[in-house]
Amino acid sequence: MNYKTIQSICPYCGCGCGIYLEVVDGELIGTMPCMNHAVSEGSLCIKGWAAHEFVASEDRLKRPLWKRGANLETTDWDTALNYVAEQLQVIKARYGAEAIGFLSSAKCTNEENYILMKFARAVIGTNNIDHCARLCHSPTVAGLQQAFGSGAMTNSVPELEEADCILITGSNTTETHPMIASRIMAAREKGAFVMVIDPRRIHMSNHADLFIQPRLGTDVAWINGMMHLIIEEGWEDREFIAQRTEGYDQLKECVSAYTPEKVQQITGIQPLLLRAAAKTYASSPRSSIVYTMGITEHTTGTDNVLALADLAMLTGQVGKRGSGINPLRGQNNVQGACDMGALPEVFTGYQRVDDEASNLKFSQAWKTQVPSNPGMTLVEMIDAAAAGDLKALFIMGENPMMSDPDIGHVREALSNLELLVVQDIFMNQTVELAHVVFPAQSYAEKAGTITSTDRRVQRMRKAIEAIGQARTDWEIICDLARIMGANGFEYDGPMEIFEEIRRVTPSYGGITYYRLDSEELQWPCPTEDHPGTVYLHKDTFTRGKGLFAPVEWKPPAEDIDDEYPFYLTTGRVHFHYHTGTMTRRSPTLNREMSGASADINPRDADEMGVRDRDMLKVTSRRGGVRIRARVTEMVPRGTIFIPFNFQESAANILTNSARDPISKIPEFKVCAVRIEKAGSRK
Amino acid sequence: MQEERQGDSDRTEKARELAASLLMTDSVQGVLALLEIRDHVVPHLFTSREELSGLTVDGHYAIAGVAERLLERWAQGNIAVMARGCDERHLIELAKKGSVDLSRIKVVGVACDIFEAKACHCVQPFPRQADVGNSIGRVDFMDHEKLNELVSMSITERRSFWTEIFSRCIKCYGCRNACPLCNCVDCRLEEERWVRVGEIPPEYPSFHLIRLFHLADKCVGCMACEKACPMGIPVGRLNLLVRQEMLDWYGYEAGREVEDVSPLLGGALIDVADKK
């Protein structure tokens, strides 16, 4: 008789909620909320409560697979590892290291991301490493880095309760970050003014003091408009501007053109509402901005982030308790994957590969010369594969065949590779195309750390033994490195890897496994006697002075026309997570929502004779999907919303891969489509 | 306050002693109680005396549901449960449903102090027999300010209050999942015919009122549901109000004795007609 509960962290979103995994006689039977967890305080969302359900699913990959003819067949670990090691060496010798690319994973631990990053740079010798942060917050990293010197959430989740005004934009918080929505509700109960600025009438807009519905892709215009009013009315924080920022004059000149009338023309926002938003945000003692993909997933993603940073600096609403800019990170460890340098231009802690001192430091630490030219981003690697320049792609726990824009193009690219290696826990659309598949362990079977959205480093703990022959991602990569003759991959466990991470990463320098057992630690935490940092930029910005960056509004890459008269916007839903590999194997979640639907406004539906749950055919310039209609006021007229969680009607067949020039993020949030009724409900 | 905390360490000592003596005999294979690990408190099955230095009574998890699941998995063997008043009442209600066999459970009763009782709006912060701690006796329902607020609203105020507050719901099912008694195999809340699936907020009032009425004669007032709610909906207090109604109308309280029959299941209705 053995019953125990293992403390861990929810494997879904970036909130980083505390869970207990219930284990009876070695079997995972349930999830319980952790009562005194700093973020979740004894609550969980429906996904958190179901976090154990997919772990022992029948569909788990249990043995290594390799492609024989057209089929994936089982093989043993030695054969699979030796084959991959040999192929990587052959491809490197024939085409050079730049012909090999790596996709790391925001679902894996910090230790595993570090190991893959080290493998790519030290063993293969390429900076071609990236991960799905490219598709979510790369504009945040680029934009906030430029403005403040640090691309992370400035405040903490619990601190949101202390804000007096919360501006939520491009974040469907209750559905995608439920435990952060919980804090916003609590803040409002304490008297905070909550405003939602979003093209969709999301759940939170019904609980807001002010709801503004701009047109899709007009964010820079309304943000500039708010700044125009703030300066005109003298609501700006002159002392803050004078002492802590630079570049104010250029900003002032830029926003002077964004009169309420012009803004209304672009965004559809009534001047009265814009004024109310500007006044409350600027004049509240502590205002916080909360945003996610609605801001970033645009060809102007970096501009949108820069404009928000300008707004915060203009009003001195950053660098205070309960006040700042809070990009909510999507995956449980997307912050950590970025921190670990699973990005083409930086090592851990955002130390640039082309910075001489940083490059020397890592070359010395790893006892080999590492490349100093920034590598390819995720989207560039896909393009390079399609063009035949990238020959091998090593994917750890990602599913680009669902998560990337224009899936048809992705399929063509991946099929063109000489070697596609995928490590995953389930068969998915990407695994199907692989030459070799390594079965990996889920979060419940392994240990390590993750870094949740508010820079909070937390330990995940092993609850059960491995399923089948699955191994941890870090062990697989270390084995490959050893077979390829590399040194520096002999670790006896994640703790030893973490010790190496903190030696080379100043912001993690003071964090230890021992401290994490009893302390809440948020980076930067440079030394072992440092308490960690609850909010950033207190007396000075990371880069010194905050830099204003005036930006002009630009329309989305694709506009509607006679042939494609509807806007399509995409996102995810409360009951499922990303590409659905985990949630759709969880009975609780599948019962709640077993398939996709497209949200369409009642008046549009009426005009087309479409009733709720009728079948639609949605077509863009890139492809078409069949999907059920959900008639709802949540979307405005002329716009439909499709979640990207469902493979049978994958939103990303339709989306546009046009990119933000700086961060390379594709424009998932706006494209043009045509809608036809394809059948009545059954 | 100082004195109470002193009392708390006494309670823990006593609880560890009792658990140790139970594990010495072969009467139980394990003691289900709370374990203090790092800065957290978790439910745990203590099977050896060496583990008992981590046993604590400070903290609250509705652990009767764990006991039920463990006994269901293990066809044989007995366990002891370190139970507060509410945990014991849960076990009695589970026994009424036939979900647990009380002859396989040795209850070690833990009495709550006044602070714990206040935190839970509890009127009955004690088990039938207090083996650990001293019972403070019944607390008057109306002493709980937060309950008073809810009943003193006018009908119109109530309607708008509950409509707004239920519309915050994100359908996490935490209220149901945290409750040891809200455990039907086929849950009505998941059925399309009662509550449209895949929508947040779930339909009002069906989602919340189905739960409320299903628990009307079962709720023992542990407040686990309310503590689990991320949106600050006072679901536990709402259940307490119904529990009080059951007492006022029928003289019935869930969790008292296994032999008690719920008035909603039969004869007692006649008594009420007489009473009114």
# chains A, B, ... in the order shown; residues from 1 in each chain; ligands from 1
>>> interface_residues(of="chain A", to="chain B", cutoff="8 Å", atoms="only C-alpha atoms", output="PyMOL selection string")
chain A and resi 1-5+20+24+33-36+42-47+49+174-175+178-179+182+185-186+203+207+517-518+575+591-593
>>> write_last_selection(atoms="C-alpha atoms", output="compact mmCIF listing (two decimals), in the first residue's frame")
# COMPACT_ATOMS: atom_id res chain seq x y z
CA MET A 1 0.00 0.00 0.00
CA ASN A 2 1.61 3.20 -1.13
CA TYR A 3 -0.05 6.56 -1.61
CA LYS A 4 1.91 9.73 -2.04
CA THR A 5 1.52 13.16 -3.55
CA TYR A 20 0.23 17.66 -6.51
CA VAL A 24 -0.96 5.03 -5.80
CA PRO A 33 -4.19 21.92 -6.41
CA CYS A 34 -1.34 23.01 -4.18
CA MET A 35 -2.94 25.06 -1.41
CA ASN A 36 -0.17 27.50 -0.60
CA GLY A 42 -5.25 26.18 -4.11
CA SER A 43 -7.08 26.71 -7.42
CA LEU A 44 -6.60 25.27 -10.88
CA CYS A 45 -8.34 25.58 -14.23
CA ILE A 46 -9.97 22.61 -15.95
CA LYS A 47 -6.71 21.76 -17.72
CA TRP A 49 -7.23 19.49 -12.78
CA THR A 174 -9.84 33.90 -18.57
CA GLU A 175 -9.50 31.28 -21.31
CA PRO A 178 -7.11 31.46 -16.00
CA MET A 179 -5.15 31.87 -12.78
CA SER A 182 -8.32 35.14 -11.14
CA MET A 185 -10.94 39.59 -10.79
CA ALA A 186 -9.55 39.91 -7.26
CA HIS A 203 -15.27 36.74 -21.27
CA HIS A 207 -16.20 41.92 -16.17
CA ASP A 517 12.71 23.84 -2.23
CA SER A 518 11.72 26.54 0.19
CA PHE A 575 -10.60 23.59 -22.89
CA ARG A 591 -15.82 15.63 -23.32
CA GLU A 592 -16.10 19.36 -22.87
CA MET A 593 -15.00 20.12 -26.42
>>> closest_residue(among="A:Ala557, A:Asp599, A:Phe548, A:Ile230", to="Leu251 of chain A", atoms="only C-alpha atoms")
A:Phe548
>>> atom_distance(atom1="atom CA of Ala357 of chain A", atom2="atom CA of Ser372 of chain A")
10.8 Å
>>> residues_around(residues="Trp66 of chain A", least_positions_apart="2", cutoff="8 Å", atoms="only C-alpha atoms", output="list in words")
Pro64, Arg68, Leu72, Glu73, Thr74, Thr75, Ala80, Ala434, His435, Val436 and Val437 of chain A
>>> select_by_dssp(residues="segment 263-424 of chain A", states="alpha helix (DSSP H)", output="PyMOL selection string")
chain A and resi 263-267+271-283+293-296+301-314+334-339+356-365+378-387+400-403+407-415
>>> atom_distance(atom1="atom CA of Arg622 of chain A", atom2="atom CA of Asn656 of chain A")
7.6 Å
>>> residues_around(residues="Arg11 of chain B", least_positions_apart="5", cutoff="12 Å", atoms="only C-alpha atoms", output="list in words")
Glu4, Arg5, Gln6, Arg16, Glu17, Leu18, Leu55, Thr56, Val57, Asp58, Met82, Gly109, Val110, Ala111, Cys112, Asp113, Ala130, Asp131, Val132, Gly133, Asn134 and Ser135 of chain B
>>> write_last_selection(atoms="N, CA and C atoms", output="JSON list (two decimals), in the first residue's frame")
[["chain", "number", "residue", "atom", "x", "y", "z"],
["B", 4, "GLU", "N", -2.90, 29.87, 21.17],
["B", 4, "GLU", "CA", -3.47, 28.94, 20.19],
["B", 4, "GLU", "C", -2.36, 28.21, 19.44],
["B", 5, "ARG", "N", -1.32, 28.96, 19.05],
["B", 5, "ARG", "CA", -0.24, 28.32, 18.30],
["B", 5, "ARG", "C", 0.46, 27.29, 19.17],
["B", 6, "GLN", "N", 0.56, 27.62, 20.49],
["B", 6, "GLN", "CA", 1.13, 26.66, 21.42],
["B", 6, "GLN", "C", 0.28, 25.38, 21.40],
["B", 16, "ARG", "N", 0.77, 12.69, 16.32],
["B", 16, "ARG", "CA", 1.88, 11.79, 15.98],
["B", 16, "ARG", "C", 1.92, 10.59, 16.93],
["B", 17, "GLU", "N", 1.67, 10.85, 18.21],
["B", 17, "GLU", "CA", 1.64, 9.76, 19.20],
["B", 17, "GLU", "C", 0.58, 8.73, 18.83],
["B", 18, "LEU", "N", -0.62, 9.25, 18.55],
["B", 18, "LEU", "CA", -1.73, 8.33, 18.23],
["B", 18, "LEU", "C", -1.43, 7.54, 16.96],
["B", 55, "LEU", "N", 4.26, 14.48, 10.10],
["B", 55, "LEU", "CA", 2.79, 14.57, 10.21],
["B", 55, "LEU", "C", 2.39, 15.88, 10.88],
["B", 56, "THR", "N", 1.36, 16.51, 10.33],
["B", 56, "THR", "CA", 0.90, 17.77, 10.91],
["B", 56, "THR", "C", -0.63, 17.82, 10.91],
["B", 57, "VAL", "N", -1.19, 18.61, 11.82],
["B", 57, "VAL", "CA", -2.64, 18.83, 11.76],
["B", 57, "VAL", "C", -2.93, 20.26, 11.30],
["B", 58, "ASP", "N", -1.86, 20.98, 10.98],
["B", 58, "ASP", "CA", -2.02, 22.37, 10.56],
["B", 58, "ASP", "C", -2.17, 22.41, 9.05],
["B", 82, "MET", "N", -6.89, 10.67, 9.91],
["B", 82, "MET", "CA", -6.81, 11.80, 10.84],
["B", 82, "MET", "C", -7.85, 12.82, 10.36],
["B", 109, "GLY", "N", -10.15, 11.57, 15.59],
["B", 109, "GLY", "CA", -10.82, 12.88, 15.50],
["B", 109, "GLY", "C", -9.92, 14.03, 15.89],
["B", 110, "VAL", "N", -9.95, 15.08, 15.06],
["B", 110, "VAL", "CA", -9.17, 16.29, 15.33],
["B", 110, "VAL", "C", -10.13, 17.46, 15.50],
["B", 111, "ALA", "N", -10.05, 18.13, 16.64],
["B", 111, "ALA", "CA", -10.91, 19.30, 16.86],
["B", 111, "ALA", "C", -10.22, 20.55, 16.33],
["B", 112, "CYS", "N", -11.00, 21.43, 15.69],
["B", 112, "CYS", "CA", -10.44, 22.67, 15.15],
["B", 112, "CYS", "C", -10.45, 23.75, 16.23],
["B", 113, "ASP", "N", -9.51, 24.70, 16.10],
["B", 113, "ASP", "CA", -9.56, 25.83, 17.03],
["B", 113, "ASP", "C", -10.46, 26.92, 16.44],
["B", 130, "ALA", "N", -13.21, 13.94, 20.02],
["B", 130, "ALA", "CA", -11.97, 14.68, 19.77],
["B", 130, "ALA", "C", -10.80, 13.96, 20.42],
["B", 131, "ASP", "N", -10.03, 13.24, 19.60],
["B", 131, "ASP", "CA", -8.85, 12.55, 20.12],
["B", 131, "ASP", "C", -7.67, 13.51, 20.17],
["B", 132, "VAL", "N", -7.71, 14.50, 19.29],
["B", 132, "VAL", "CA", -6.62, 15.47, 19.19],
["B", 132, "VAL", "C", -7.24, 16.86, 19.31],
["B", 133, "GLY", "N", -6.73, 17.66, 20.26],
["B", 133, "GLY", "CA", -7.27, 19.00, 20.46],
["B", 133, "GLY", "C", -8.57, 18.96, 21.25],
["B", 134, "ASN", "N", -9.02, 20.15, 21.66],
["B", 134, "ASN", "CA", -10.26, 20.22, 22.44],
["B", 134, "ASN", "C", -11.36, 20.88, 21.64],
["B", 135, "SER", "N", -12.52, 20.29, 21.71],
["B", 135, "SER", "CA", -13.66, 20.84, 20.97],
["B", 135, "SER", "C", -14.05, 22.20, 21.53]]
>>> select_by_dssp(residues="segment 225-333 of chain A", states="strand (DSSP E)", output="list in words")
Thr245, Glu246, Ser287, Ser288, Ile289, Val290, Tyr291, Gly324, Ile325, Asn326 and Pro327 of chain A
>>> write_last_selection(atoms="C-alpha atoms", output="short mmCIF file (atom, residue, chain, number, x, y, z; two decimals), in the first residue's frame")
data_model
loop_
_atom_site.label_atom_id
_atom_site.label_comp_id
_atom_site.auth_asym_id
_atom_site.auth_seq_id
_atom_site.Cartn_x
_atom_site.Cartn_y
_atom_site.Cartn_z
CA THR A 245 14.01 57.94 -20.44
CA GLU A 246 15.46 59.18 -23.71
CA SER A 287 -1.44 50.85 -13.84
CA SER A 288 -0.47 47.57 -15.41
CA ILE A 289 -0.70 46.39 -19.00
CA VAL A 290 -1.48 42.73 -19.65
CA TYR A 291 -1.11 41.43 -23.19
CA GLY A 324 4.41 47.61 -15.52
CA ILE A 325 4.11 45.71 -18.77
CA ASN A 326 3.09 42.11 -18.51
CA PRO A 327 3.33 39.90 -21.55
#
>>> atom_distance(atom1="atom CA of Ile105 of chain B", atom2="atom CA of Glu27 of chain A")
22.9 Å
>>> residues_around(residues="segment 212-221 of chain B", least_positions_apart="6", cutoff="7 Å", atoms="only C-alpha atoms", output="number ranges by chain")
B: 86, 89-90, 93, 122, 239-240, 242-243, 254-255, 262
>>> residues_around(residues="Arg456 of chain A", least_positions_apart="3", cutoff="12 Å", atoms="only C-alpha atoms", output="tab-separated table (two decimals) with N, CA and C atoms, in the first residue's frame")
chain	number	residue	atom	x	y	z
A	9	ILE	N	4.59	21.21	-11.10
A	9	ILE	CA	4.02	22.41	-11.71
A	9	ILE	C	3.19	21.97	-12.91
A	14	GLY	N	1.72	29.26	-19.11
A	14	GLY	CA	2.82	29.92	-18.43
A	14	GLY	C	2.51	30.41	-17.03
A	15	CYS	N	1.27	30.26	-16.56
A	15	CYS	CA	0.94	30.70	-15.19
A	15	CYS	C	1.88	30.04	-14.19
A	16	GLY	N	2.16	28.75	-14.41
A	16	GLY	CA	3.05	28.04	-13.48
A	16	GLY	C	2.37	27.67	-12.18
A	17	CYS	N	1.17	27.09	-12.26
A	17	CYS	CA	0.40	26.76	-11.06
A	17	CYS	C	0.97	25.53	-10.35
A	18	GLY	N	0.81	25.52	-9.03
A	18	GLY	CA	1.30	24.41	-8.22
A	18	GLY	C	0.31	23.26	-8.20
A	37	HIS	N	0.47	27.55	-2.94
A	37	HIS	CA	1.34	27.97	-4.04
A	37	HIS	C	1.16	29.47	-4.29
A	38	ALA	N	2.28	30.16	-4.51
A	38	ALA	CA	2.24	31.63	-4.61
A	38	ALA	C	1.36	32.12	-5.75
A	39	VAL	N	1.30	31.38	-6.84
A	39	VAL	CA	0.52	31.83	-7.99
A	39	VAL	C	-0.92	31.33	-7.92
A	152	ALA	N	11.26	40.47	-20.61
A	152	ALA	CA	10.36	39.63	-19.80
A	152	ALA	C	9.24	40.44	-19.16
A	153	MET	N	8.27	39.70	-18.62
A	153	MET	CA	7.17	40.29	-17.84
A	153	MET	C	7.80	41.10	-16.70
A	154	THR	N	7.38	42.37	-16.57
A	154	THR	CA	8.07	43.21	-15.58
A	154	THR	C	7.63	42.92	-14.15
A	155	ASN	N	6.38	42.48	-13.97
A	155	ASN	CA	5.87	42.29	-12.62
A	155	ASN	C	5.59	40.81	-12.35
A	156	SER	N	4.94	40.54	-11.20
A	156	SER	CA	4.64	39.17	-10.82
A	156	SER	C	3.14	38.94	-10.88
A	157	VAL	N	2.76	37.69	-11.00
A	157	VAL	CA	1.34	37.38	-11.06
A	157	VAL	C	0.60	37.85	-9.79
A	158	PRO	N	1.08	37.51	-8.59
A	158	PRO	CA	0.33	37.93	-7.40
A	158	PRO	C	0.23	39.45	-7.29
A	329	ARG	N	3.26	34.72	-20.86
A	329	ARG	CA	3.88	33.72	-21.72
A	329	ARG	C	2.95	32.52	-21.84
A	332	ASN	N	4.24	26.50	-20.49
A	332	ASN	CA	4.73	26.43	-19.10
A	332	ASN	C	6.21	26.79	-18.99
A	333	ASN	N	6.99	26.50	-20.05
A	333	ASN	CA	8.40	26.87	-19.95
A	333	ASN	C	8.90	27.64	-21.16
A	334	VAL	N	8.06	28.48	-21.73
A	334	VAL	CA	8.55	29.26	-22.87
A	334	VAL	C	9.50	30.35	-22.38
A	335	GLN	N	9.25	30.88	-21.20
A	335	GLN	CA	10.19	31.85	-20.64
A	335	GLN	C	11.55	31.17	-20.44
A	336	GLY	N	11.51	29.96	-19.89
A	336	GLY	CA	12.75	29.24	-19.63
A	336	GLY	C	13.48	28.86	-20.91
A	339	ASP	N	15.20	31.88	-21.91
A	339	ASP	CA	16.30	32.17	-20.97
A	339	ASP	C	17.49	31.24	-21.22
A	449	THR	N	13.72	21.95	-13.86
A	449	THR	CA	13.09	23.22	-13.51
A	449	THR	C	12.39	23.81	-14.73
A	450	ILE	N	11.39	24.62	-14.46
A	450	ILE	CA	10.78	25.42	-15.51
A	450	ILE	C	10.71	26.86	-15.01
A	451	THR	N	10.60	27.78	-15.93
A	451	THR	CA	10.50	29.19	-15.55
A	451	THR	C	9.17	29.71	-16.07
A	452	SER	N	8.27	30.04	-15.16
A	452	SER	CA	6.95	30.46	-15.61
A	452	SER	C	6.93	31.93	-15.96
A	453	THR	N	5.77	32.40	-16.37
A	453	THR	CA	5.68	33.70	-17.05
A	453	THR	C	6.29	34.85	-16.27
A	459	ARG	N	10.59	24.01	-9.49
A	459	ARG	CA	10.98	22.63	-9.70
A	459	ARG	C	9.80	21.75	-10.06
A	507	SER	N	21.88	35.91	-14.57
A	507	SER	CA	20.57	36.12	-13.96
A	507	SER	C	20.07	34.91	-13.16
A	508	TYR	N	20.66	33.74	-13.41
A	508	TYR	CA	20.30	32.53	-12.66
A	508	TYR	C	21.36	32.17	-11.63
A	511	ILE	N	20.45	30.97	-8.05
A	511	ILE	CA	19.35	30.02	-7.89
A	511	ILE	C	19.92	28.61	-7.77
A	516	LEU	N	15.32	26.47	-4.13
A	516	LEU	CA	13.99	26.38	-4.75
A	516	LEU	C	13.03	25.52	-3.93
A	519	GLU	N	12.07	28.46	-1.29
A	519	GLU	CA	11.95	29.90	-1.59
A	519	GLU	C	11.28	30.13	-2.94
A	520	GLU	N	10.60	31.27	-3.05
A	520	GLU	CA	10.07	31.72	-4.33
A	520	GLU	C	11.17	32.54	-4.98
A	521	LEU	N	11.70	32.07	-6.10
A	521	LEU	CA	12.78	32.83	-6.71
A	521	LEU	C	12.45	33.22	-8.15
A	522	GLN	N	12.57	34.53	-8.40
A	522	GLN	CA	12.35	35.06	-9.75
A	522	GLN	C	13.64	35.73	-10.20
A	523	TRP	N	14.06	35.42	-11.44
A	523	TRP	CA	15.28	36.08	-11.90
A	523	TRP	C	15.00	37.53	-12.23
A	524	PRO	N	15.99	38.43	-12.22
A	524	PRO	CA	17.40	38.13	-11.94
A	524	PRO	C	17.66	37.84	-10.46
A	525	CYS	N	18.50	36.82	-10.26
A	525	CYS	CA	18.91	36.43	-8.91
A	525	CYS	C	20.39	36.07	-9.02
A	532	GLY	N	16.08	37.36	-5.21
A	532	GLY	CA	15.32	37.30	-6.46
A	532	GLY	C	14.61	38.62	-6.68
A	533	THR	N	14.00	38.79	-7.87
A	533	THR	CA	13.45	40.09	-8.24
A	533	THR	C	11.96	39.97	-8.55
A	534	VAL	N	11.16	40.61	-7.71
A	534	VAL	CA	9.71	40.52	-7.87
A	534	VAL	C	9.25	41.35	-9.06
A	535	TYR	N	9.77	42.57	-9.17
A	535	TYR	CA	9.44	43.37	-10.36
A	535	TYR	C	10.69	44.06	-10.89
>>> residues_around(residues="Val370 of chain A", least_positions_apart="5", cutoff="8 Å", atoms="only C-alpha atoms", output="CSV table (one decimal) with C-alpha atoms, in the first residue's frame")
chain,number,residue,atom,x,y,z
A,121,ARG,CA,26.4,25.0,-30.7
A,122,ALA,CA,29.2,22.9,-29.2
A,125,GLY,CA,28.6,24.0,-34.4
A,126,THR,CA,25.5,25.9,-35.6
A,359,ASN,CA,31.3,34.0,-27.3
A,362,PHE,CA,30.9,29.9,-23.8
A,363,SER,CA,33.8,28.7,-26.0
